[in-house]
file work.txt (compact mmCIF, C-alpha atoms)
# COMPACT_ATOMS: atom_id res chain seq x y z
CA MET K 1 4.65 -21.17 27.90
CA GLY K 2 3.74 -19.29 31.04
CA ILE K 3 4.19 -15.59 31.64
CA LEU K 4 6.05 -14.36 34.69
CA ASN K 5 3.89 -12.56 37.23
CA LYS K 6 6.85 -10.65 38.53
CA SER K 7 9.86 -8.35 38.23
CA ARG K 8 1.02 -17.17 0.78
CA ILE K 9 3.56 -16.52 3.08
CA THR K 10 6.54 -14.31 2.29
CA ARG K 11 9.91 -14.05 3.97
CA ARG K 12 9.20 -10.45 4.89
CA SER K 13 5.84 -11.24 6.48
CA PHE K 14 7.57 -13.86 8.59
CA LEU K 15 10.69 -11.88 9.44
CA ARG K 16 8.92 -8.74 10.47
CA SER K 17 7.22 -10.83 13.18
CA THR K 18 4.86 -7.96 13.80
CA GLY K 19 2.00 -6.13 12.15
CA ALA K 20 -1.85 -6.33 12.24
CA SER K 21 -4.73 -4.21 13.37
CA GLY K 22 -4.19 -0.48 13.44
CA VAL K 23 -6.55 -0.01 16.37
CA ALA K 24 -5.26 1.39 19.65
CA LEU K 25 -6.26 -0.36 22.83
CA ALA K 26 -9.08 0.77 25.05
CA SER K 27 -7.10 3.82 26.08
CA GLY K 28 -8.47 5.51 22.98
CA LEU K 29 -5.18 7.32 22.42
CA SER K 30 -3.91 7.79 18.91
CA LEU K 31 -0.43 8.70 17.78
CA PRO K 32 1.38 10.55 19.07
CA ALA K 33 0.73 9.08 22.51
CA ILE K 34 1.36 11.58 25.30
CA ALA K 35 3.39 10.10 28.16
CA GLN K 36 2.64 11.28 31.68
CA ASN K 37 4.13 10.60 35.09
CA ARG K 38 3.92 6.91 36.07
CA LYS K 39 2.73 6.03 32.60
CA VAL K 40 4.58 4.21 29.82
CA THR K 41 3.33 4.59 26.26
CA ILE K 42 4.21 1.90 23.75
CA VAL K 43 3.80 1.65 19.99
CA ALA K 44 3.45 -2.06 19.16
CA ASN K 45 2.96 -3.75 15.80
CA GLN K 46 2.59 -7.46 16.58
CA SER K 47 0.90 -9.52 13.86
CA SER K 48 0.16 -12.61 15.92
CA ASP K 49 -2.92 -12.26 18.10
CA GLU K 50 -1.46 -14.81 20.52
CA SER K 51 1.78 -12.84 20.81
CA PHE K 52 -0.17 -9.63 21.33
CA THR K 53 -2.41 -11.26 23.93
CA ASN K 54 0.68 -12.41 25.80
CA PHE K 55 2.20 -8.96 25.46
CA LYS K 56 -0.89 -7.37 26.99
CA LYS K 57 -0.77 -9.87 29.84
CA ILE K 58 2.88 -8.96 30.49
CA THR K 59 1.97 -5.27 30.62
CA GLU K 60 -0.94 -5.99 32.98
CA ASN K 61 1.35 -7.93 35.31
CA PHE K 62 3.89 -5.11 35.14
CA THR K 63 1.23 -2.58 36.13
CA ALA K 64 0.01 -4.80 38.98
CA ASP K 65 3.55 -5.12 40.33
CA THR K 66 4.74 -1.54 39.87
CA GLY K 67 1.66 0.66 39.69
CA ILE K 68 2.96 2.06 36.39
CA GLU K 69 0.21 2.38 33.80
CA VAL K 70 0.95 1.05 30.32
CA VAL K 71 -0.79 2.47 27.25
CA ILE K 72 -0.37 0.46 24.05
CA ASN K 73 -1.01 1.88 20.60
CA ARG K 74 -1.19 -1.04 18.17
CA MET K 75 -0.40 -0.34 14.53
CA ASP K 76 -0.25 -2.45 11.40
CA HIS K 77 3.24 -3.20 10.13
CA GLU K 78 3.18 -1.23 6.89
CA GLY K 79 1.54 1.80 8.47
CA HIS K 80 4.08 1.73 11.26
CA LYS K 81 7.01 1.88 8.84
CA THR K 82 5.73 5.26 7.69
CA ALA K 83 4.44 6.57 11.03
CA ILE K 84 7.64 5.96 12.98
CA ARG K 85 9.53 8.43 10.81
CA ASN K 86 7.13 11.11 11.95
CA TYR K 87 6.37 10.27 15.57
CA LEU K 88 10.03 9.84 16.57
CA VAL K 89 10.47 13.50 15.70
CA ALA K 90 7.20 14.88 17.10
CA GLY K 91 5.41 13.18 19.99
CA PRO K 92 7.27 9.89 20.41
CA PRO K 93 6.11 7.09 22.76
CA ASP K 94 8.35 5.82 25.54
CA VAL K 95 8.94 2.42 23.89
CA THR K 96 8.69 1.36 20.27
CA PHE K 97 9.41 -1.73 18.19
CA TRP K 98 11.54 -1.59 15.06
CA PHE K 99 14.33 -3.41 13.17
CA SER K 100 17.92 -3.81 14.29
CA GLY K 101 21.01 -3.52 12.11
CA ALA K 102 21.20 -0.91 9.37
CA ARG K 103 17.58 0.18 9.78
CA MET K 104 18.22 0.94 13.44
CA ARG K 105 21.48 2.69 12.57
CA GLY K 106 19.63 5.18 10.37
CA PHE K 107 17.60 6.41 13.35
CA VAL K 108 20.64 6.34 15.62
CA GLU K 109 22.56 8.57 13.22
CA ARG K 110 19.66 11.03 13.29
CA GLY K 111 19.69 11.02 17.11
CA LEU K 112 16.21 9.48 17.39
CA PHE K 113 16.95 6.35 19.48
CA ASP K 114 18.28 6.69 23.01
CA ASP K 115 21.68 5.32 23.99
CA ILE K 116 20.85 2.62 26.57
CA THR K 117 24.39 1.30 27.06
CA ASP K 118 24.38 1.94 30.80
CA PHE K 119 21.08 0.06 31.19
CA PHE K 120 22.33 -2.71 28.91
CA GLU K 121 25.47 -3.16 31.02
CA ALA K 122 23.67 -2.90 34.36
CA GLN K 123 21.30 -5.71 33.33
CA GLY K 124 24.20 -7.90 32.15
CA TYR K 125 22.57 -8.48 28.78
CA ALA K 126 25.85 -9.05 26.94
CA ASP K 127 26.33 -12.24 28.98
CA VAL K 128 23.09 -13.78 27.69
CA LEU K 129 22.97 -12.23 24.22
CA GLY K 130 26.48 -13.14 23.09
CA GLY K 131 27.04 -12.38 19.40
CA THR K 132 23.54 -10.97 18.99
CA THR K 133 24.64 -7.86 20.90
CA SER K 134 26.12 -6.61 17.61
CA ALA K 135 22.63 -6.28 16.13
CA VAL K 136 21.84 -3.31 18.38
CA THR K 137 25.33 -1.84 18.63
CA VAL K 138 26.65 1.25 16.85
CA ASP K 139 30.23 2.35 17.50
CA GLY K 140 30.37 0.22 20.64
CA ARG K 141 27.15 1.62 22.14
CA GLN K 142 23.77 -0.08 22.48
CA TYR K 143 20.59 1.60 21.23
CA GLY K 144 17.99 -1.11 21.75
CA LEU K 145 17.32 -4.71 22.73
CA PRO K 146 17.23 -7.49 20.12
CA MET K 147 13.93 -9.31 19.89
CA GLY K 148 12.95 -12.54 18.14
CA GLY K 149 14.60 -13.55 14.92
CA THR K 150 15.37 -16.10 12.28
CA LEU K 151 18.63 -18.04 12.24
CA TRP K 152 19.61 -18.94 8.70
CA GLY K 153 21.19 -22.26 7.84
CA ASN K 154 20.69 -25.61 6.14
CA PHE K 155 17.42 -27.41 6.78
CA TYR K 156 16.70 -31.03 5.89
CA LEU K 157 14.38 -33.92 6.65
CA GLN K 158 15.95 -36.56 8.86
CA ASP K 159 14.00 -39.44 7.36
CA VAL K 160 15.11 -38.51 3.83
CA MET K 161 18.74 -38.26 4.89
CA ASP K 162 18.50 -41.58 6.73
CA GLU K 163 16.88 -43.28 3.75
CA HIS K 164 19.82 -42.37 1.52
CA GLY K 165 22.59 -42.65 4.10
CA LEU K 166 23.35 -38.93 4.01
CA THR K 167 24.71 -36.60 6.68
CA ALA K 168 24.55 -32.81 6.67
CA PRO K 169 28.05 -31.51 5.82
CA SER K 170 29.99 -29.41 8.32
CA THR K 171 33.08 -28.53 6.23
CA TRP K 172 33.74 -27.36 2.67
CA ASP K 173 35.16 -30.74 1.60
CA GLU K 174 32.21 -32.54 3.11
CA MET K 175 29.88 -30.39 1.03
CA PHE K 176 31.19 -31.94 -2.17
CA ASP K 177 31.18 -35.48 -0.77
CA TYR K 178 27.60 -34.96 0.36
CA GLY K 179 26.65 -33.44 -3.02
CA LYS K 180 28.04 -36.40 -4.93
CA LYS K 181 26.15 -38.89 -2.77
CA ALA K 182 22.93 -36.88 -2.96
CA ARG K 183 23.04 -36.69 -6.75
CA GLY K 184 23.80 -40.40 -6.88
CA ALA K 185 20.63 -40.97 -4.84
CA GLY K 186 18.60 -38.92 -7.30
CA LEU K 187 18.34 -35.86 -5.03
CA THR K 188 19.18 -32.23 -5.63
CA PRO K 189 21.87 -31.58 -3.00
CA GLN K 190 20.65 -28.02 -2.23
CA VAL K 191 17.20 -26.97 -3.42
CA ILE K 192 16.84 -23.23 -3.88
CA GLY K 193 14.29 -21.01 -5.56
CA THR K 194 15.57 -17.62 -6.70
CA LYS K 195 12.48 -16.36 -8.52
CA GLU K 196 12.03 -13.93 -5.61
CA LEU K 197 15.77 -13.03 -5.77
CA TRP K 198 16.54 -12.89 -2.02
CA PRO K 199 17.42 -16.57 -1.39
CA ALA K 200 20.59 -16.20 -3.48
CA ALA K 201 21.66 -13.34 -1.20
CA GLY K 202 21.47 -15.73 1.74
CA LEU K 203 24.09 -17.92 0.09
CA PHE K 204 26.29 -14.90 -0.55
CA ASP K 205 26.05 -13.91 3.11
CA ALA K 206 26.87 -17.41 4.31
CA LEU K 207 29.93 -17.66 2.06
CA ASN K 208 31.23 -14.16 2.75
CA LEU K 209 30.79 -14.44 6.51
CA ARG K 210 32.76 -17.70 6.48
CA ILE K 211 35.52 -16.46 4.20
CA ASN K 212 35.91 -12.79 5.15
CA GLY K 213 34.28 -12.58 8.58
CA LEU K 214 31.77 -10.15 10.03
CA ASP K 215 33.79 -6.92 9.97
CA ARG K 216 34.59 -7.13 6.26
CA HIS K 217 31.07 -8.26 5.46
CA MET K 218 29.61 -5.26 7.26
CA ALA K 219 32.14 -2.96 5.59
CA LEU K 220 30.77 -4.14 2.25
CA MET K 221 27.23 -3.58 3.45
CA ALA K 222 28.15 -0.03 4.52
CA GLY K 223 29.71 0.81 1.16
CA GLU K 224 33.20 0.97 2.65
CA MET K 225 34.45 -1.96 0.58
CA SER K 226 34.30 -2.39 -3.19
CA TYR K 227 32.52 -5.26 -4.90
CA LEU K 228 35.71 -5.50 -6.95
CA ASP K 229 37.88 -5.98 -3.85
CA PRO K 230 40.14 -9.06 -4.17
CA ALA K 231 38.80 -10.29 -0.82
CA LEU K 232 35.57 -11.22 -2.61
CA THR K 233 37.34 -13.31 -5.26
CA PRO K 234 37.35 -16.55 -3.19
CA VAL K 235 33.68 -15.99 -2.29
CA PHE K 236 32.61 -16.11 -5.91
CA ASP K 237 35.23 -18.71 -6.84
CA GLN K 238 33.88 -21.14 -4.26
CA TRP K 239 30.27 -20.30 -5.04
CA ARG K 240 31.00 -21.10 -8.69
CA GLU K 241 32.54 -24.43 -7.66
CA LEU K 242 29.20 -25.40 -6.14
CA ILE K 243 27.27 -24.21 -9.19
CA GLU K 244 29.50 -26.16 -11.57
CA ALA K 245 29.27 -29.21 -9.33
CA ASP K 246 25.52 -29.23 -10.03
CA TYR K 247 24.85 -28.57 -6.37
CA PHE K 248 21.73 -26.46 -6.76
CA LEU K 249 18.27 -26.89 -8.20
CA LYS K 250 18.21 -26.63 -11.97
CA ASP K 251 16.08 -23.76 -13.30
CA HIS K 252 16.08 -22.24 -9.82
CA THR K 253 15.06 -18.87 -11.28
CA SER K 254 11.66 -20.40 -12.11
CA PHE K 255 11.00 -21.52 -8.53
CA GLY K 256 9.75 -19.42 -5.63
CA TRP K 257 11.11 -20.35 -2.21
CA GLN K 258 7.93 -22.17 -1.26
CA GLU K 259 7.94 -24.19 -4.48
CA ALA K 260 11.55 -25.16 -3.86
CA GLY K 261 10.75 -25.96 -0.24
CA ALA K 262 7.93 -28.21 -1.38
CA LEU K 263 10.50 -30.32 -3.26
CA LEU K 264 12.37 -30.76 0.00
CA GLY K 265 9.13 -31.87 1.66
CA GLN K 266 8.54 -34.35 -1.16
CA GLY K 267 11.93 -35.97 -0.60
CA LYS K 268 13.37 -34.69 -3.90
CA GLY K 269 16.06 -32.56 -2.32
CA GLY K 270 18.61 -33.06 0.42
CA MET K 271 18.88 -29.62 2.04
CA MET K 272 17.70 -26.04 1.69
CA HIS K 273 19.43 -22.89 2.92
CA LEU K 274 16.75 -20.73 4.51
CA GLY K 275 15.25 -19.62 7.82
CA ASN K 276 13.05 -21.77 10.02
CA PHE K 277 9.94 -20.44 8.26
CA ILE K 278 10.75 -23.22 5.81
CA ARG K 279 8.15 -25.22 7.74
CA PHE K 280 5.42 -23.35 5.86
CA ALA K 281 6.51 -25.06 2.63
CA ILE K 282 6.62 -28.57 4.12
CA PRO K 283 3.58 -30.72 4.92
CA GLU K 284 2.68 -30.63 8.59
CA GLU K 285 3.02 -34.38 8.93
CA LYS K 286 6.72 -33.99 8.08
CA HIS K 287 7.45 -31.22 10.57
CA ASP K 288 8.80 -33.62 13.17
CA GLN K 289 11.50 -34.63 10.67
CA ILE K 290 12.82 -31.10 9.99
CA ARG K 291 16.35 -30.56 11.25
CA PHE K 292 18.75 -27.60 11.28
CA ALA K 293 22.49 -27.52 10.58
CA PRO K 294 24.74 -24.47 10.20
CA PHE K 295 26.14 -23.71 6.76
CA PRO K 296 29.52 -25.51 6.66
CA LYS K 297 32.71 -23.94 7.95
CA ILE K 298 35.14 -22.73 5.27
CA ALA K 299 37.99 -20.57 6.64
CA ASP K 300 39.59 -20.93 10.05
CA ILE K 301 37.78 -17.95 11.57
CA ALA K 302 35.13 -17.41 14.23
CA ARG K 303 31.58 -18.36 13.38
CA TYR K 304 29.28 -15.59 12.18
CA GLU K 305 25.71 -16.01 11.01
CA ASP K 306 22.75 -14.19 9.56
CA PHE K 307 20.34 -13.87 12.48
CA SER K 308 17.59 -11.52 11.37
CA VAL K 309 16.21 -9.92 14.50
CA ASN K 310 13.73 -7.18 15.22
CA SER K 311 14.35 -4.86 18.15
CA VAL K 312 12.74 -2.64 20.78
CA HIS K 313 13.88 0.90 21.56
CA VAL K 314 13.49 3.96 23.75
CA PRO K 315 13.07 7.04 21.53
CA SER K 316 15.55 9.78 22.41
CA LYS K 317 12.70 12.29 22.85
CA ALA K 318 10.60 10.00 25.07
CA GLU K 319 9.17 11.76 28.13
CA ASN K 320 9.53 8.86 30.58
CA LYS K 321 12.85 7.20 29.79
CA ASP K 322 13.38 5.83 33.30
CA LEU K 323 9.95 4.18 33.34
CA ALA K 324 10.60 2.87 29.82
CA ARG K 325 13.76 1.16 31.03
CA GLU K 326 11.91 -0.27 34.01
CA PHE K 327 9.33 -1.75 31.67
CA LEU K 328 11.97 -3.12 29.28
CA ALA K 329 13.79 -4.85 32.14
CA TYR K 330 10.52 -6.59 33.07
CA PHE K 331 9.47 -7.41 29.51
CA TYR K 332 12.94 -8.78 28.71
CA GLU K 333 12.94 -11.34 31.52
CA PRO K 334 13.50 -14.80 30.00
CA GLU K 335 10.03 -16.26 30.51
CA ASN K 336 8.22 -13.11 29.45
CA LEU K 337 10.32 -12.80 26.32
CA ALA K 338 9.76 -16.45 25.45
CA ALA K 339 5.99 -16.18 25.95
CA TYR K 340 5.96 -13.19 23.61
CA LEU K 341 8.15 -14.70 20.88
CA TYR K 342 7.36 -18.40 20.73
CA PRO K 343 3.81 -18.17 19.27
CA GLU K 344 5.21 -16.94 15.93
CA GLY K 345 8.09 -19.40 15.86
CA ASN K 346 10.63 -16.64 16.57
CA ILE K 347 13.97 -17.47 18.13
CA PRO K 348 14.77 -15.48 21.28
CA PRO K 349 18.20 -13.83 21.31
CA ARG K 350 18.73 -14.69 25.01
CA SER K 351 20.55 -17.92 25.76
CA ASP K 352 18.74 -18.40 29.09
CA VAL K 353 15.11 -18.59 27.93
CA PRO K 354 13.12 -21.70 28.88
CA PRO K 355 12.87 -24.42 26.21
CA ALA K 356 10.20 -24.13 23.54
CA ASP K 357 7.76 -26.81 22.46
CA ASP K 358 9.22 -26.41 18.96
CA PRO K 359 12.43 -28.47 18.52
CA LEU K 360 13.60 -26.19 15.68
CA ILE K 361 13.60 -23.21 18.02
CA ASN K 362 15.55 -25.20 20.59
CA ALA K 363 18.07 -26.32 17.97
CA ALA K 364 18.58 -22.73 16.87
CA LEU K 365 18.97 -21.55 20.47
CA GLU K 366 21.68 -24.14 21.04
CA SER K 367 23.41 -23.28 17.77
CA LEU K 368 23.47 -19.57 18.58
CA LYS K 369 25.63 -20.23 21.64
CA SER K 370 28.68 -20.75 19.39
CA VAL K 371 28.06 -17.68 17.19
CA GLU K 372 30.53 -14.82 17.74
CA GLY K 373 28.58 -12.15 15.88
CA THR K 374 25.56 -11.72 13.69
CA ALA K 375 24.55 -9.95 10.50
CA GLN K 376 20.90 -9.30 9.70
CA TYR K 377 20.60 -10.44 6.08
CA TYR K 378 21.84 -8.77 2.93
CA ASP K 379 18.76 -6.66 2.20
CA ARG K 380 18.50 -5.58 5.85
CA ASP K 381 22.16 -4.62 6.18
CA THR K 382 22.60 -2.37 3.16
CA PRO K 383 20.48 0.50 1.75
CA PRO K 384 17.41 -0.43 -0.36
CA ASP K 385 18.83 0.56 -3.77
CA MET K 386 22.05 -1.33 -3.12
CA ALA K 387 20.10 -4.28 -1.79
CA GLN K 388 17.91 -4.49 -4.88
CA ALA K 389 20.93 -4.43 -7.17
CA GLY K 390 22.68 -7.06 -5.07
CA LEU K 391 19.68 -9.40 -4.99
CA LYS K 392 19.40 -9.20 -8.76
CA GLY K 393 23.13 -9.61 -9.27
CA PHE K 394 23.45 -12.69 -7.08
CA GLN K 395 20.56 -14.39 -8.85
CA GLN K 396 22.19 -13.59 -12.21
CA PHE K 397 25.48 -15.01 -10.99
CA MET K 398 23.84 -18.28 -9.99
CA ALA K 399 22.23 -18.52 -13.43
CA GLN K 400 25.23 -17.28 -15.42
CA PRO K 401 28.42 -17.48 -13.35
CA GLU K 402 30.51 -16.67 -16.42
CA ARG K 403 29.12 -13.10 -16.20
CA ARG K 404 30.72 -12.49 -12.82
CA ASP K 405 32.96 -9.60 -13.89
CA ASP K 406 30.10 -7.67 -15.48
CA ILE K 407 27.81 -8.34 -12.51
CA LEU K 408 30.34 -7.18 -9.91
CA SER K 409 31.23 -4.11 -11.96
CA GLU K 410 27.57 -3.15 -12.06
CA LEU K 411 27.24 -3.69 -8.31
CA ASP K 412 30.22 -1.47 -7.69
CA ARG K 413 28.75 1.21 -9.96
CA VAL K 414 25.54 1.12 -7.88
CA ARG K 415 27.64 1.24 -4.69
CA GLY K 416 29.24 4.47 -5.90
CA ARG K 417 25.85 6.03 -6.57
CA VAL K 418 24.15 4.84 -3.38
CA PHE K 419 26.98 5.84 -1.06
CA ASN K 420 27.91 9.02 -2.97
CA LEU K 421 31.45 7.85 -3.62
call {"tool": "encode", "arguments": {"input": "work.txt", "output": "structure tokens"}}
result
Amino acid sequence: MGILNKSRITRRSFLRSTGASGVALASGLSLPAIAQNRKVTIVANQSSDESFTNFKKITENFTADTGIEVVINRMDHEGHKTAIRNYLVAGPPDVTFWFSGARMRGFVERGLFDDITDFFEAQGYADVLGGTTSAVTVDGRQYGLPMGGTLWGNFYLQDVMDEHGLTAPSTWDEMFDYGKKARGAGLTPQVIGTKELWPAAGLFDALNLRINGLDRHMALMAGEMSYLDPALTPVFDQWRELIEADYFLKDHTSFGWQEAGALLGQGKGGMMHLGNFIRFAIPEEKHDQIRFAPFPKIADIARYEDFSVNSVHVPSKAENKDLAREFLAYFYEPENLAAYLYPEGNIPPRSDVPPADDPLINAALESLKSVEGTAQYYDRDTPPDMAQAGLKGFQQFMAQPERRDDILSELDRVRGRVFNL
């Protein structure tokens, strides 16, 4: 992928898409970087050396074209999560990378990220971002640009499906027909490992987004809706139908996601609901057989998906906001964005980026075109204490669905504490 010369792996380590050496570039500056006229300071936390090399090349081309100096302070991911809470208040850079969704909202509510709605509209980003615009929107205003992400859905191996005459289901009824055929062929219809808790939350998100839609889902994430609300009854009813239909991997609580993914790679399972980092659990020689399909449609509503995206922002106290916007417009051009994101297998949020060499990325890009809005993922969309309780509760429900009432009552008790209700 060219760069324009103009104008044990964990889910978290993959999703964050950034991190690595805490050494600033040759500028020698350390945080907080001091912005000056005709200079843009950036805090970056890319983990991939190839992505960072491409990012540096983009900044060099930007400087050559505009005469604006770019100073990059590179930080490791974990250190950055702590440092950003300090430098946004005292000595912020002009541009910084972070997370979208609820984690962005926290800084927006504290007045630490700049409102870039006018810039967003002038660049026409809504036309190419579609439903992903919601990831950086608070009360109808934009406070950042979405970066690369992971589109969640059902992944399978084409040769395994072909061998057994199976087709990925697209409707609720088809799910049960597919499940019956898969079990008859000796396959687990949907392999899942919940030892790490979070994969069960992905199923909850998929079901709730398809039954209740994005607004209600996000109301639940924000504590505005009770876990005892009747609107959630069909979510857990239909989830239980799948459990009782023997749809999922037995003893899933004993399997990590990579162990479950390995079963898919061995041809012992039909599908797995995950992000495209599933490739890390499947032998490389099978990668050309990996396919993506959205989780099946349930209710007659618009399509909403978990699309976990990081983001890039202009701090509200940045000294050179105009230059920051000029840099972001350049960096966010389709080919530059693709060159930055593709090395780590991240899916660009823009619909007009050039094709990737990776067919999974291209399939996700095409699928995103029909998505009306996006959530981030359960543990990104709700506060940490609520998220931890939810992850545990969903795993317990999958193991013991008869305990649903007790589980949801406990989740609502935690909701009251977390949101001070």
call {"tool": "residues_around", "arguments": {"input": "work.txt", "residues": "Ala293 (chain K)", "least_positions_apart": "6", "cutoff": "7 Å", "atoms": "all atoms listed in the file", "output": "ChimeraX atom specification"}}
result
/K:153-155,168
call {"tool": "closest_residue", "arguments": {"input": "work.txt", "among": "K:Glu241, K:Leu151, K:Lys321, K:Arg413", "to": "Asn362 (chain K)", "atoms": "all atoms listed in the file"}}
result
K:Leu151
call {"tool": "closest_residue", "arguments": {"input": "work.txt", "among": "K:Met218, K:Leu263, K:Ile84, K:Leu328", "to": "Ala102 (chain K)", "atoms": "only C-alpha atoms"}}
result
K:Met218
call {"tool": "atom_distance", "arguments": {"input": "work.txt", "atom1": "CA of Leu232 (chain K)", "atom2": "CA of Asn420 (chain K)"}}
result
21.6 Å
call {"tool": "residues_around", "arguments": {"input": "work.txt", "residues": "region 242-245 of chain K", "least_positions_apart": "4", "cutoff": "10 Å", "atoms": "only C-alpha atoms", "output": "PyMOL selection string"}}
result
chain K and resi 175-176+179-180+190+236-238+249-250+397-401
call {"tool": "atom_distance", "arguments": {"input": "work.txt", "atom1": "CA of Ala126 (chain K)", "atom2": "CA of Phe331 (chain K)"}}
result
16.7 Å
call {"tool": "residues_around", "arguments": {"input": "work.txt", "residues": "region 39-53 of chain K", "least_positions_apart": "6", "cutoff": "6 Å", "atoms": "only C-alpha atoms", "output": "PyMOL selection string"}}
result
chain K and resi 18-20+68-77+93-96+340+343
call {"tool": "closest_residue", "arguments": {"input": "work.txt", "among": "K:Gln266, K:Gln123, K:Asn54, K:Asn208", "to": "Tyr332 (chain K)", "atoms": "only C-alpha atoms"}}
result
K:Gln123
call {"tool": "closest_residue", "arguments": {"input": "work.txt", "among": "K:Asp288, K:Val353, K:His164, K:Gln396", "to": "His252 (chain K)", "atoms": "only C-alpha atoms"}}
result
K:Gln396
call {"tool": "residues_near_point", "arguments": {"input": "work.txt", "point": "(16.6, -16.5, 10.3)", "cutoff": "6 Å", "atoms": "only C-alpha atoms", "output": "tab-separated table (two decimals) with C-alpha atoms, in the coordinates of the input"}}
result
chain	number	residue	atom	x	y	z
K	149	GLY	CA	14.60	-13.55	14.92
K	150	THR	CA	15.37	-16.10	12.28
K	151	LEU	CA	18.63	-18.04	12.24
K	152	TRP	CA	19.61	-18.94	8.70
K	275	GLY	CA	15.25	-19.62	7.82
K	307	PHE	CA	20.34	-13.87	12.48
K	308	SER	CA	17.59	-11.52	11.37
call {"tool": "residues_near_point", "arguments": {"input": "work.txt", "point": "(32.9, 8.3, -4.3)", "cutoff": "12 Å", "atoms": "all atoms listed in the file", "output": "list in words"}}
result
Gly223, Glu224, Met225, Ser226, Asp412, Arg413, Val414, Arg415, Gly416, Arg417, Val418, Phe419, Asn420 and Leu421 of chain K
call {"tool": "write_last_selection", "arguments": {"input": "work.txt", "atoms": "C-alpha atoms", "output": "PDB file, in the frame of the given file"}}
result
ATOM      1  CA  GLY K 223      29.710   0.810   1.160  1.00  0.00           C
ATOM      2  CA  GLU K 224      33.200   0.970   2.650  1.00  0.00           C
ATOM      3  CA  MET K 225      34.450  -1.960   0.580  1.00  0.00           C
ATOM      4  CA  SER K 226      34.300  -2.390  -3.190  1.00  0.00           C
ATOM      5  CA  ASP K 412      30.220  -1.470  -7.690  1.00  0.00           C
ATOM      6  CA  ARG K 413      28.750   1.210  -9.960  1.00  0.00           C
ATOM      7  CA  VAL K 414      25.540   1.120  -7.880  1.00  0.00           C
ATOM      8  CA  ARG K 415      27.640   1.240  -4.690  1.00  0.00           C
ATOM      9  CA  GLY K 416      29.240   4.470  -5.900  1.00  0.00           C
ATOM     10  CA  ARG K 417      25.850   6.030  -6.570  1.00  0.00           C
ATOM     11  CA  VAL K 418      24.150   4.840  -3.380  1.00  0.00           C
ATOM     12  CA  PHE K 419      26.980   5.840  -1.060  1.00  0.00           C
ATOM     13  CA  ASN K 420      27.910   9.020  -2.970  1.00  0.00           C
ATOM     14  CA  LEU K 421      31.450   7.850  -3.620  1.00  0.00           C
TER      15      LEU K 421
END
call {"tool": "closest_residue", "arguments": {"input": "work.txt", "among": "K:Asn310, K:Ser134, K:Thr233, K:Asn346", "to": "Phe277 (chain K)", "atoms": "only C-alpha atoms"}}
result
K:Asn346
call {"tool": "atom_distance", "arguments": {"input": "work.txt", "atom1": "CA of Tyr377 (chain K)", "atom2": "CA of Lys195 (chain K)"}}
result
17.7 Å
call {"tool": "residues_around", "arguments": {"input": "work.txt", "residues": "Ile278 (chain K)", "least_positions_apart": "4", "cutoff": "12 Å", "atoms": "all atoms listed in the file", "output": "PyMOL selection string"}}
result
chain K and resi 9-11+14-15+150-157+191-192+199+257-265+271-274+282-284+286-287+290-292+345+360
call {"tool": "residues_around", "arguments": {"input": "work.txt", "residues": "Leu411 (chain K)", "least_positions_apart": "6", "cutoff": "7 Å", "atoms": "all atoms listed in the file", "output": "list in words"}}
result
Tyr227, Ala389 and Gly390 of chain K
call {"tool": "closest_residue", "arguments": {"input": "work.txt", "among": "K:Gly165, K:Gly213, K:Gly124, K:Pro334", "to": "Gly270 (chain K)", "atoms": "only C-alpha atoms"}}
result
K:Gly165
call {"tool": "decode", "arguments": {"input": "work.txt", "residues": "region 392-398 of chain K", "atoms": "N, CA, C and O atoms", "output": "PDB file, in the first residue's frame"}}
result
ATOM      1  N   LYS K 392     -18.985 -11.164  33.571  1.00  0.00           N
ATOM      2  CA  LYS K 392     -19.161 -12.334  34.435  1.00  0.00           C
ATOM      3  C   LYS K 392     -20.581 -12.878  34.336  1.00  0.00           C
ATOM      4  O   LYS K 392     -20.796 -14.087  34.237  1.00  0.00           O
ATOM      5  N   GLY K 393     -21.565 -11.969  34.347  1.00  0.00           N
ATOM      6  CA  GLY K 393     -22.953 -12.399  34.301  1.00  0.00           C
ATOM      7  C   GLY K 393     -23.326 -13.102  33.013  1.00  0.00           C
ATOM      8  O   GLY K 393     -24.042 -14.119  33.030  1.00  0.00           O
ATOM      9  N   PHE K 394     -22.836 -12.610  31.885  1.00  0.00           N
ATOM     10  CA  PHE K 394     -23.164 -13.244  30.607  1.00  0.00           C
ATOM     11  C   PHE K 394     -22.538 -14.628  30.501  1.00  0.00           C
ATOM     12  O   PHE K 394     -23.137 -15.551  29.954  1.00  0.00           O
ATOM     13  N   GLN K 395     -21.313 -14.777  31.016  1.00  0.00           N
ATOM     14  CA  GLN K 395     -20.703 -16.106  31.015  1.00  0.00           C
ATOM     15  C   GLN K 395     -21.514 -17.057  31.889  1.00  0.00           C
ATOM     16  O   GLN K 395     -21.767 -18.213  31.516  1.00  0.00           O
ATOM     17  N   GLN K 396     -21.949 -16.578  33.067  1.00  0.00           N
ATOM     18  CA  GLN K 396     -22.753 -17.414  33.954  1.00  0.00           C
ATOM     19  C   GLN K 396     -24.063 -17.805  33.294  1.00  0.00           C
ATOM     20  O   GLN K 396     -24.524 -18.948  33.426  1.00  0.00           O
ATOM     21  N   PHE K 397     -24.658 -16.873  32.559  1.00  0.00           N
ATOM     22  CA  PHE K 397     -25.921 -17.186  31.889  1.00  0.00           C
ATOM     23  C   PHE K 397     -25.725 -18.283  30.858  1.00  0.00           C
ATOM     24  O   PHE K 397     -26.566 -19.187  30.733  1.00  0.00           O
ATOM     25  N   MET K 398     -24.628 -18.216  30.104  1.00  0.00           N
ATOM     26  CA  MET K 398     -24.389 -19.249  29.095  1.00  0.00           C
ATOM     27  C   MET K 398     -24.176 -20.616  29.741  1.00  0.00           C
ATOM     28  O   MET K 398     -24.544 -21.642  29.161  1.00  0.00           O
TER      29      MET K 398
END
